[in-house]
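Participant: Can you read through this structure? Questions will come right after.
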Amino acid sequence: MNSAELREAFLRFFEERGHTRVDSAPLVPKRDPTILFNVAGMVQFKPLWAGLVEPLPYTRAVSVQKCLRLEDLDVVGSDATHDTFFEMLGNFSFGDYQKEEAIRWAWEFIIQVMNLPAERLWVSVHEQDEEAASIWRDVVGVPKERVVYLGDEHNFWEPAGGRGACGPCSEIFWDLKWKEGDCGLGPAEDEDAEARYTEIWNLVFPQFDQQESGSRPLLKYRGVDTGAGLERMVLAAQNVETIFHTDLFYPLMQAAADTLKVKISADTWEFLAITADHIRAATFVIAEGVRPSNTKQGYVIRRVLRRAIGALYLLGIQESLLYKLSGHVIEQMRHVYPELEDRREQVALMIKGEEERFLKTLEGGMRLFSDSAHAGKISGEDAFKLHDTHGFPIDLTKWLAKHKGVEVDLQGFQAAMEIQRERSRVAIASAEIREVVSDEPVKTTFVGYDHGSLKTSTEIVGVEKYLSGIGIVLEESPFYAEAGGQVGDSGKIILNDGTELKVEGCEFDARGKHICLVTGIQSGFNLRTLLRQQVDVEVDLNRRMEIERAHTATHLLHAALRKILGEHVKQEGSLVEPGRLRFDFYHPEPMKTEEITEVEKQVYAWIIANHEAKPDEMSREEAEALGALAFFGEKYGDKVRVLQIRDKNTEELISAELCGGTHLDRTGDIGMFIIASETGVAAGIRRIEALTGQRAFAEIEHTREVISELSSSIGTDRDKLVKRVEELKTSLSAETKAREQLARRYVESLAEGILKNSQKIDDVEFVTGRVEGISRDELRLLADALKSRRDRIVGLLAAPDKNRLAVLCFSSKSTSKDYPAGEMLKKVASRFKGGGGGSATLAEGSIAEASLDKLTSVFLEVVNAAAAARREEK
């Protein structure tokens with residue numbers, strides 16, 4: 001049975017038993033702040049067990065959930081059963097069937113559908129769950145010696161993210177090392193239990209709703225939550241040694257071997273297994289819009305990719321190749337997850353960009369790692385430097401250390417990280433509530449879509465005190481809370497006694513409360529007196545209008561980009577603030593100047609046509625039929641808000657997007673629109689920044705003033721300004737070329753003089769020179785002149801620079817591995833109260849004043865030490 005057959009057989013088996021087939025939730029959860037990634041099939045169903053969704057949409061469900069876990073990252077590739085990205089098969093009951101049906105069906109599927117031999121299976125139950133144990137023995141017929149009792153550590157399911165449904169569980173194990181006549185002692189007693197018995201199915205019986213406080217009240221809908229890792233199920237079905245021998249991984253390992261031009265063998269197995277696993281994870285995560293970065297999900301995927309890049313480095317691979325494998329993942333999985341196909345090119349570009357970034361620092365990091373490993377242990381300081389300077393996630397350092405046979409001082413590393421956190425830690429007021437004054441939990445009703453409601457009366461239903469101010473919760477609020485890239489409103493709240501509170505902003509807190517952040521309350525004021533006050537509130541209309549100009553223009557910009565560049569353009573992020581927008585979008589290359597101009601003209605044409613911008617509420621199905629753009633991975637309710645912009649003459653749809661933000665009624669109210677810049681922010685991701693309304697007008701005024709001043713300064717009319725500037729450029733270029741020719745002739749003569757005093761060690765020539773009256777640029781020219789005269793040469797050059805010396809170290813390409821310029825310069829500079837850095841072939845810095853003799857003496861010390869180390873290695 002191959003993996004595709006097993007996946008479908010599982011879904012069909014439970015559909016036949018009254019379960020509703022439910023699609024996988026996004027890998028990156030959108031409404032659960034307790035976790036970065038979906039880690040189990042039950043995550044999307046937590047509200048159903050808790051009774052937060054009424055009526056229940058179904059009482060039985062079956063799904064295959066995309067999951068990512070990194071708890072066992074250190075052993076991925078080196079053991080039989082651990083991976084990062086995996087698919088979780090699951091069947092679920094919400095107040096419907098209980099233990100007996102769950103246990104019977106699990107055994108039926110394994111024995112009758114998968115045809116697994118019962119003699120290779122073991123079962124565990126919670127040590128206090130005699131009901132489950134008796135079902136296994138008396139109903140299913142598992143021999144009692146094959147049913148083992150385990151404690152909370154093994155057989156009590158803690159909720160994903162620390163909150164939600166939890167309860168005792170029962171697991172089914174597959175014996176990886178079973179032989180005729182050798183059944184082992186089982187998962188409870190065997191010394192080799194973890195390596196021998198792998199859990200292939202976990203039947204959780206949710207009974208409690210764990211709270212943040214640690215309390216566990218009973219769930220409203222108790223039932224069943226099962227999880228069966230597809231990869232391990234396939235391992236058992238195909239009767240192979242490891243998950244990497246299955247059809248889910250082995251084809252990827254073969255593709256990796258072919259791409260890397262190596263063979264699958266005992267020597268390359270772990271490297272290729274890591275590559276196959278990590279490229280699966282990266283492909284799925286990046287396809288959901290996550291970019292490798294230094295925060296949250298972005299850093300997780302950066303860790304995974306860089307661990308794979310480091311593994312390949314030990315195979316001698318020092319170029320971008322991983323990105324080529326993402327297409328193999330998509331080809332293998334697109335029939336199950338068709339959204340992957342839409343992101344094929346973007347995923348490859350993102351991975352390639354991350355590879356190229358890390359490869360720039362990898363070589364220097366590997367040198368530091370090797371130097372540290374020679375001491376027998378990677379110190380905490382060096383591990384931190386690898387992380388902070390060279391971009392080595394600690395996972396990669398640990399893995400490299402394991403292969404080198406040395407330890408990493410993890411305690412020292414964590415101490416260094418904590419020092420860094422303390423230095424950069426900024427107290428975020430909204431994250432630390434000092435006092436809460438509220439009658440009961442409330443949901444604020446937003447009434448601010450209509451400009452006529454921006455000034456209204458309402459009631460204060462909650463007050464919260466933060467480090468930096470006060471947060472007020474209104475029963476009805478015209479203030480838009482920051483969301484979807486649109487910044488929050490500002491304005492004022494007027495209390496009963498006439499006190500005016502300034503609303504500085506509006507946001508949703510971590511619990512989803514709609515908070516108005518206010519100033520104007522005197523110290524010592526009794527906050528409880530605010531509660532239930534009827535107050536007048538007013539949104540800053542001018543600021544709101546400027547925000548809406550930018551937001552409506554963002555929709556026009558998106559439409560124009562899709563019209564001119566192609567429908568592959570997809571929004572990847574946005575920021576909308578008064579008079580300014582930032583729009584990130586997928587496009588594989590920088591826009592041409594004429595494309596930017598065409599997009600700007602198209603947006604402006606739609607603005608002056610004064611088309612209607614009409615928001616409508618409709619069902620998700622109606623929005624999809626309309627062709628409204630939604631964003632992959634976002635969760636939408638049954639009812640959605642769609643902003644439509646249609647041509648007022650032809651009724652042709654210009655733009656239709658799901659959007660909960662605020663907008664103008666007509667495009668003409670945007671006024672002016674100017675594209676200020678187009679840049680790249682990541683591989684395949686472009687960014688446009690644009691100005692609208694009053695800020696666009698201010699930019700035009702500024703440009704006029706600059707042109708006027710420039711015309712006056714040069715002494716010509718505006719109409720002749722460009723021609724005059726070109727004339728000056730031509731004149732300046734001629735003078736510059738003449739100076740460069742003089743400089744080149746001068747440095748050529750200097751090079752001949754410096755070479756006369758060179759010293760040779762083995763087959764390498766070493767030179768030093770201190771030259772008066774030349775710039776850093778001319779020092780570089782001198783280095784080029786010296787390298788052009790010798791194939792194997794290393795040198796140190798210096799020139800006075802104010803009260804210090806500018807220094808430059810160079811090394812020809814053929815000598816840069818043994819005598820890296822950057823490392824040598826650092827060692828020399830440290831002796832003269834200086835510093836610097838650069839590549840293996842060229843490095844620059846600044847040091848205290850020193851004579852040529854002293855520079856030569858120290859440089860040769862560093863050279864001789866490097867030469868000695870080179871001989872020792874040989």
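The chains in the structure tokens are called A, B, ... from first to last as shown; in each chain the residues are counted from 1, and the ligands are counted from 1 in the order shown.
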Please provide as a PyMOL selection string all residues within 12 Å of Asn91 in chain A, with the sequence filter that same-chain residues fewer than 3 positions apart are discarded (counting only C-alpha atoms).
Facilitator: chain A and resi 10-15+17-22+40-42+45+59-65+88+94+96-98+101-103+105-106+109+201-205+223-228
Participant: Using only C-alpha atoms, determine which residues lie at most 8 Å from range 752-759 of chain A, disregarding the query and same-chain residues fewer than 4 positions distant; provide the list as number ranges by chain.
Facilitator: A: 748, 765-769, 786
Participant: Include N, CA and C atoms and write out the residues we just selected as a short mmCIF file (atom, residue, chain, number, x, y, z; two decimals), in the first residue's frame.
Facilitator:
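File out17.cif, as written:
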```cif
data_model
loop_
_atom_site.label_atom_id
_atom_site.label_comp_id
_atom_site.auth_asym_id
_atom_site.auth_seq_id
_atom_site.Cartn_x
_atom_site.Cartn_y
_atom_site.Cartn_z
N GLU A 748 50.96 51.98 -10.17
CA GLU A 748 51.80 51.01 -10.89
C GLU A 748 53.25 51.16 -10.47
N GLU A 765 54.40 34.76 -2.01
CA GLU A 765 55.14 36.01 -1.83
C GLU A 765 54.34 36.92 -0.90
N PHE A 766 55.02 37.55 0.07
CA PHE A 766 54.37 38.42 1.05
C PHE A 766 54.97 39.82 0.95
N VAL A 767 54.09 40.84 0.94
CA VAL A 767 54.55 42.22 0.82
C VAL A 767 53.86 43.10 1.83
N THR A 768 54.50 44.19 2.21
CA THR A 768 53.89 45.23 3.03
C THR A 768 54.24 46.58 2.43
N GLY A 769 53.39 47.55 2.66
CA GLY A 769 53.67 48.89 2.15
C GLY A 769 52.89 49.94 2.92
N LEU A 786 49.29 44.82 -7.52
CA LEU A 786 50.21 43.81 -6.98
C LEU A 786 49.73 42.40 -7.33
#
```
Participant: Work out how far apart CA of Leu557 in chain A and CA of Val640 in chain A are and give it in Å to one decimal.
Facilitator: 21.8 Å
Participant: Measuring atom to atom with only C-alpha atoms, identify which of A:Arg334, A:Arg804, A:Arg120, A:Arg770 is nearest to Gly186 in chain A.
Facilitator: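 Nearest to Gly186 in chain A: A:Arg120.
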Participant: Quick one: everything within 12 Å of Glu652 in chain A, counting only C-alpha atoms, minus sequence neighbours fewer than 5 positions away in the same chain. Send it as an NGL selection string.
Facilitator: :A and (611-612 or 626 or 644-647)
Participant: Name all residues at most 8 Å from range 294-306 of chain A (count only C-alpha atoms; drop same-chain ones fewer than 6 positions away) and give them as a PyMOL selection string.
Facilitator: chain A and resi 28+36-37+278-279+281-282+285+351+354-355+358+392-393+395-396
Participant: Could you list, as a count of residues only, every residue within 9 Å of Asp72 in chain A, counting only C-alpha atoms and ignoring same-chain residues fewer than 5 positions away?
Facilitator: 3
Participant: Go ahead and compute the interatomic distance for CA of Arg344 in chain A and CA of Gly327 in chain A, in Å to one decimal.
Facilitator: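 These two atoms are separated by 6.6 Å.
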Participant: May I ask for the distance between CA of Gly448 in chain A and CA of Asp497 in chain A, given in Å to one decimal place?
Facilitator: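 Between CA of Gly448 in chain A and CA of Asp497 in chain A the gap works out to 24.8 Å.
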Participant: Under the rule of at most 10 Å, produce a per-residue listing of range 534-560 of chain A near range 473-483 of chain A: chain, number, name, the closest pair of atoms, and the distance in Å, as a Markdown table, using only C-alpha atoms.
Facilitator:
```
| residue | atom | partner | partner_atom | distance |
| --- | --- | --- | --- | --- |
| A:Gln534 | CA | A:Leu474 | CA | 9.8 |
| A:Val535 | CA | A:Leu474 | CA | 9.3 |
| A:Val537 | CA | A:Pro478 | CA | 7.9 |
| A:Glu538 | CA | A:Pro478 | CA | 7.6 |
| A:Val539 | CA | A:Phe479 | CA | 6.2 |
| A:Asp540 | CA | A:Phe479 | CA | 9.2 |
| A:Arg544 | CA | A:Tyr480 | CA | 9.1 |
```
Participant: Grab the residues selected above and save them as a CSV table (one decimal), in the first residue's frame with N, CA and C atoms.
Facilitator:
```
chain,number,residue,atom,x,y,z
A,534,GLN,N,-21.8,56.8,30.1
A,534,GLN,CA,-22.2,57.1,28.7
A,534,GLN,C,-21.3,58.2,28.2
A,535,VAL,N,-20.6,58.0,27.1
A,535,VAL,CA,-19.6,59.0,26.7
A,535,VAL,C,-19.9,59.3,25.2
A,537,VAL,N,-18.0,59.9,21.7
A,537,VAL,CA,-16.7,59.6,21.0
A,537,VAL,C,-16.7,60.1,19.6
A,538,GLU,N,-15.5,60.4,19.2
A,538,GLU,CA,-15.3,61.0,17.8
A,538,GLU,C,-14.0,60.6,17.2
A,539,VAL,N,-14.1,60.1,16.0
A,539,VAL,CA,-12.9,59.7,15.3
A,539,VAL,C,-12.3,60.9,14.5
A,540,ASP,N,-11.0,61.0,14.5
A,540,ASP,CA,-10.3,62.1,13.7
A,540,ASP,C,-10.6,61.8,12.2
A,544,ARG,N,-8.7,59.7,9.3
A,544,ARG,CA,-9.4,58.5,8.8
A,544,ARG,C,-9.4,58.6,7.2
```
Participant: Mind the document's chain letters and residue numbers, and return as an MDAnalysis selection string the residues of range 335-547 of chain A that DSSP labels alpha helix (DSSP H).
Facilitator: chainID A and resid 339:342 344:373 380:388 394:404 410:424 541:547
Participant: Quick one: which range 296-378 of chain A residues come within 12 Å of range 810-824 of chain A, and what is the nearest atom pair for each with the distance in Å to one decimal, counting only C-alpha atoms, rows ordered by chain and ascending number, as JSON lines?
Facilitator:
```
{"residue": "A:Glu363", "atom": "CA", "partner": "A:Lys817", "partner_atom": "CA", "distance": 10.2}
{"residue": "A:Gly364", "atom": "CA", "partner": "A:Glu823", "partner_atom": "CA", "distance": 9.0}
{"residue": "A:Gly365", "atom": "CA", "partner": "A:Glu823", "partner_atom": "CA", "distance": 11.7}
{"residue": "A:Arg367", "atom": "CA", "partner": "A:Glu823", "partner_atom": "CA", "distance": 9.7}
{"residue": "A:Leu368", "atom": "CA", "partner": "A:Glu823", "partner_atom": "CA", "distance": 10.1}
{"residue": "A:Asp371", "atom": "CA", "partner": "A:Glu823", "partner_atom": "CA", "distance": 12.0}
```
Participant: Where in range 148-361 of chain A does DSSP assign strand (DSSP E), given as a ChimeraX atom specification?
Facilitator: /A:148-150,156-157,164-175,197-204,208-210,223-229
Participant: Just write the chosen residues, C-alpha atoms, as an mmCIF file, in the first residue's frame.
Facilitator:
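The new file out_1.cif reads:
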```cif
data_model
loop_
_atom_site.group_PDB
_atom_site.id
_atom_site.type_symbol
_atom_site.label_atom_id
_atom_site.label_comp_id
_atom_site.auth_asym_id
_atom_site.auth_seq_id
_atom_site.Cartn_x
_atom_site.Cartn_y
_atom_site.Cartn_z
ATOM 1 C CA VAL A 148 0.794 -2.297 28.984
ATOM 2 C CA TYR A 149 0.015 0.428 31.528
ATOM 3 C CA LEU A 150 1.972 3.714 31.397
ATOM 4 C CA PHE A 156 -1.953 11.585 29.032
ATOM 5 C CA TRP A 157 -2.330 13.998 26.107
ATOM 6 C CA GLY A 164 -7.824 23.298 25.464
ATOM 7 C CA ALA A 165 -8.995 19.702 25.208
ATOM 8 C CA CYS A 166 -6.893 17.054 26.974
ATOM 9 C CA GLY A 167 -7.251 13.625 28.530
ATOM 10 C CA PRO A 168 -5.872 10.082 28.843
ATOM 11 C CA CYS A 169 -4.809 8.245 25.723
ATOM 12 C CA SER A 170 -4.147 4.776 24.389
ATOM 13 C CA GLU A 171 -1.355 4.110 21.871
ATOM 14 C CA ILE A 172 -0.687 1.412 19.293
ATOM 15 C CA PHE A 173 2.989 0.533 18.750
ATOM 16 C CA TRP A 174 4.735 -1.151 15.817
ATOM 17 C CA ASP A 175 7.715 -3.381 16.596
ATOM 18 C CA TYR A 197 8.690 0.318 19.322
ATOM 19 C CA THR A 198 7.297 3.269 17.406
ATOM 20 C CA GLU A 199 3.847 4.690 18.090
ATOM 21 C CA ILE A 200 1.751 4.576 14.924
ATOM 22 C CA TRP A 201 -1.676 5.503 16.349
ATOM 23 C CA ASN A 202 -2.643 7.539 19.401
ATOM 24 C CA LEU A 203 -6.238 7.439 20.612
ATOM 25 C CA VAL A 204 -6.870 10.412 22.888
ATOM 26 C CA PHE A 208 -10.966 18.109 30.300
ATOM 27 C CA ASP A 209 -10.592 21.710 29.099
ATOM 28 C CA GLN A 210 -7.214 22.843 30.436
ATOM 29 C CA GLY A 223 -15.265 12.392 22.843
ATOM 30 C CA VAL A 224 -12.364 11.091 20.762
ATOM 31 C CA ASP A 225 -9.274 12.654 19.179
ATOM 32 C CA THR A 226 -7.051 10.216 17.330
ATOM 33 C CA GLY A 227 -3.758 10.892 15.637
ATOM 34 C CA ALA A 228 -1.912 8.527 13.342
ATOM 35 C CA GLY A 229 1.252 9.863 11.693
#
```
Participant: For Gly141 in chain A, work out the shell of residues within 10 Å, counting only C-alpha atoms and skipping chain neighbours fewer than 5 positions away, then give it as a list in words.
Facilitator: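 What passes the distance filter is Arg104, Trp107, Ser134, Ile135 and Trp136 of chain A.
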Participant: The selected residues should be written to file as a PDB file, in the first residue's frame (atoms: N, CA and C atoms).
Facilitator:
```pdb
ATOM      1  N   ARG A 104     -12.138  -0.057  18.607  1.00  0.00           N
ATOM      2  CA  ARG A 104     -12.516  -1.109  17.652  1.00  0.00           C
ATOM      3  C   ARG A 104     -12.157  -0.705  16.230  1.00  0.00           C
ATOM      4  N   TRP A 107      -8.314  -0.702  15.455  1.00  0.00           N
ATOM      5  CA  TRP A 107      -7.786  -2.057  15.260  1.00  0.00           C
ATOM      6  C   TRP A 107      -8.289  -2.651  13.937  1.00  0.00           C
ATOM      7  N   SER A 134      -9.730  -2.937  29.315  1.00  0.00           N
ATOM      8  CA  SER A 134     -10.675  -4.050  29.181  1.00  0.00           C
ATOM      9  C   SER A 134     -11.251  -4.103  27.768  1.00  0.00           C
ATOM     10  N   ILE A 135     -11.430  -2.951  27.111  1.00  0.00           N
ATOM     11  CA  ILE A 135     -11.916  -2.955  25.730  1.00  0.00           C
ATOM     12  C   ILE A 135     -10.894  -3.636  24.819  1.00  0.00           C
ATOM     13  N   TRP A 136      -9.610  -3.297  25.024  1.00  0.00           N
ATOM     14  CA  TRP A 136      -8.566  -3.929  24.215  1.00  0.00           C
ATOM     15  C   TRP A 136      -8.555  -5.450  24.424  1.00  0.00           C
TER      16      TRP A 136
END
```
Participant: Got a sec: who's within 9 Å of Arg687 in chain A, counting only C-alpha atoms, leaving out chain neighbours fewer than 5 positions off, as a VMD selection string?
Facilitator: chain A and resid 582 to 586 677 to 681
Participant: Generate the output file for the selected residues, N, CA and C atoms, as a tab-separated table (two decimals), in the first residue's frame.
Facilitator:
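Saved to result07.tsv:
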```
chain	number	residue	atom	x	y	z
A	582	ARG	N	2.28	50.68	1.81
A	582	ARG	CA	3.38	49.78	1.47
A	582	ARG	C	2.75	48.46	1.04
A	583	PHE	N	3.11	47.99	-0.14
A	583	PHE	CA	2.45	46.82	-0.70
A	583	PHE	C	3.50	45.80	-1.14
A	584	ASP	N	3.52	44.63	-0.51
A	584	ASP	CA	4.44	43.55	-0.87
A	584	ASP	C	3.69	42.57	-1.75
A	585	PHE	N	4.34	42.12	-2.81
A	585	PHE	CA	3.65	41.22	-3.75
A	585	PHE	C	4.65	40.27	-4.40
A	586	TYR	N	4.11	39.14	-4.84
A	586	TYR	CA	4.95	38.16	-5.52
A	586	TYR	C	5.15	38.55	-6.97
A	677	SER	N	8.66	54.25	-4.53
A	677	SER	CA	9.79	53.32	-4.71
A	677	SER	C	9.28	51.93	-5.04
A	678	GLU	N	10.16	51.14	-5.68
A	678	GLU	CA	9.91	49.71	-5.94
A	678	GLU	C	11.21	48.99	-5.63
A	679	THR	N	11.17	48.10	-4.65
A	679	THR	CA	12.38	47.42	-4.19
A	679	THR	C	12.09	45.94	-3.95
A	680	GLY	N	13.13	45.19	-3.70
A	680	GLY	CA	13.00	43.78	-3.34
A	680	GLY	C	13.16	43.61	-1.85
A	681	VAL	N	12.33	42.76	-1.25
A	681	VAL	CA	12.44	42.51	0.19
A	681	VAL	C	12.84	41.07	0.48
```
Participant: Residues of range 634-698 of chain A that have any atom at most 10 Å from an atom of range 484-489 of chain A: could you tabulate them with the shortest-distance atom pair and the distance in Å to one decimal, using only C-alpha atoms, ordered by chain and increasing number, as CSV?
Facilitator:
```
residue,atom,partner,partner_atom,distance
A:Cys659,CA,A:Gly484,CA,7.9
A:Gly660,CA,A:Gly484,CA,7.5
A:Gly661,CA,A:Gln486,CA,6.8
A:Thr662,CA,A:Gln486,CA,8.5
```
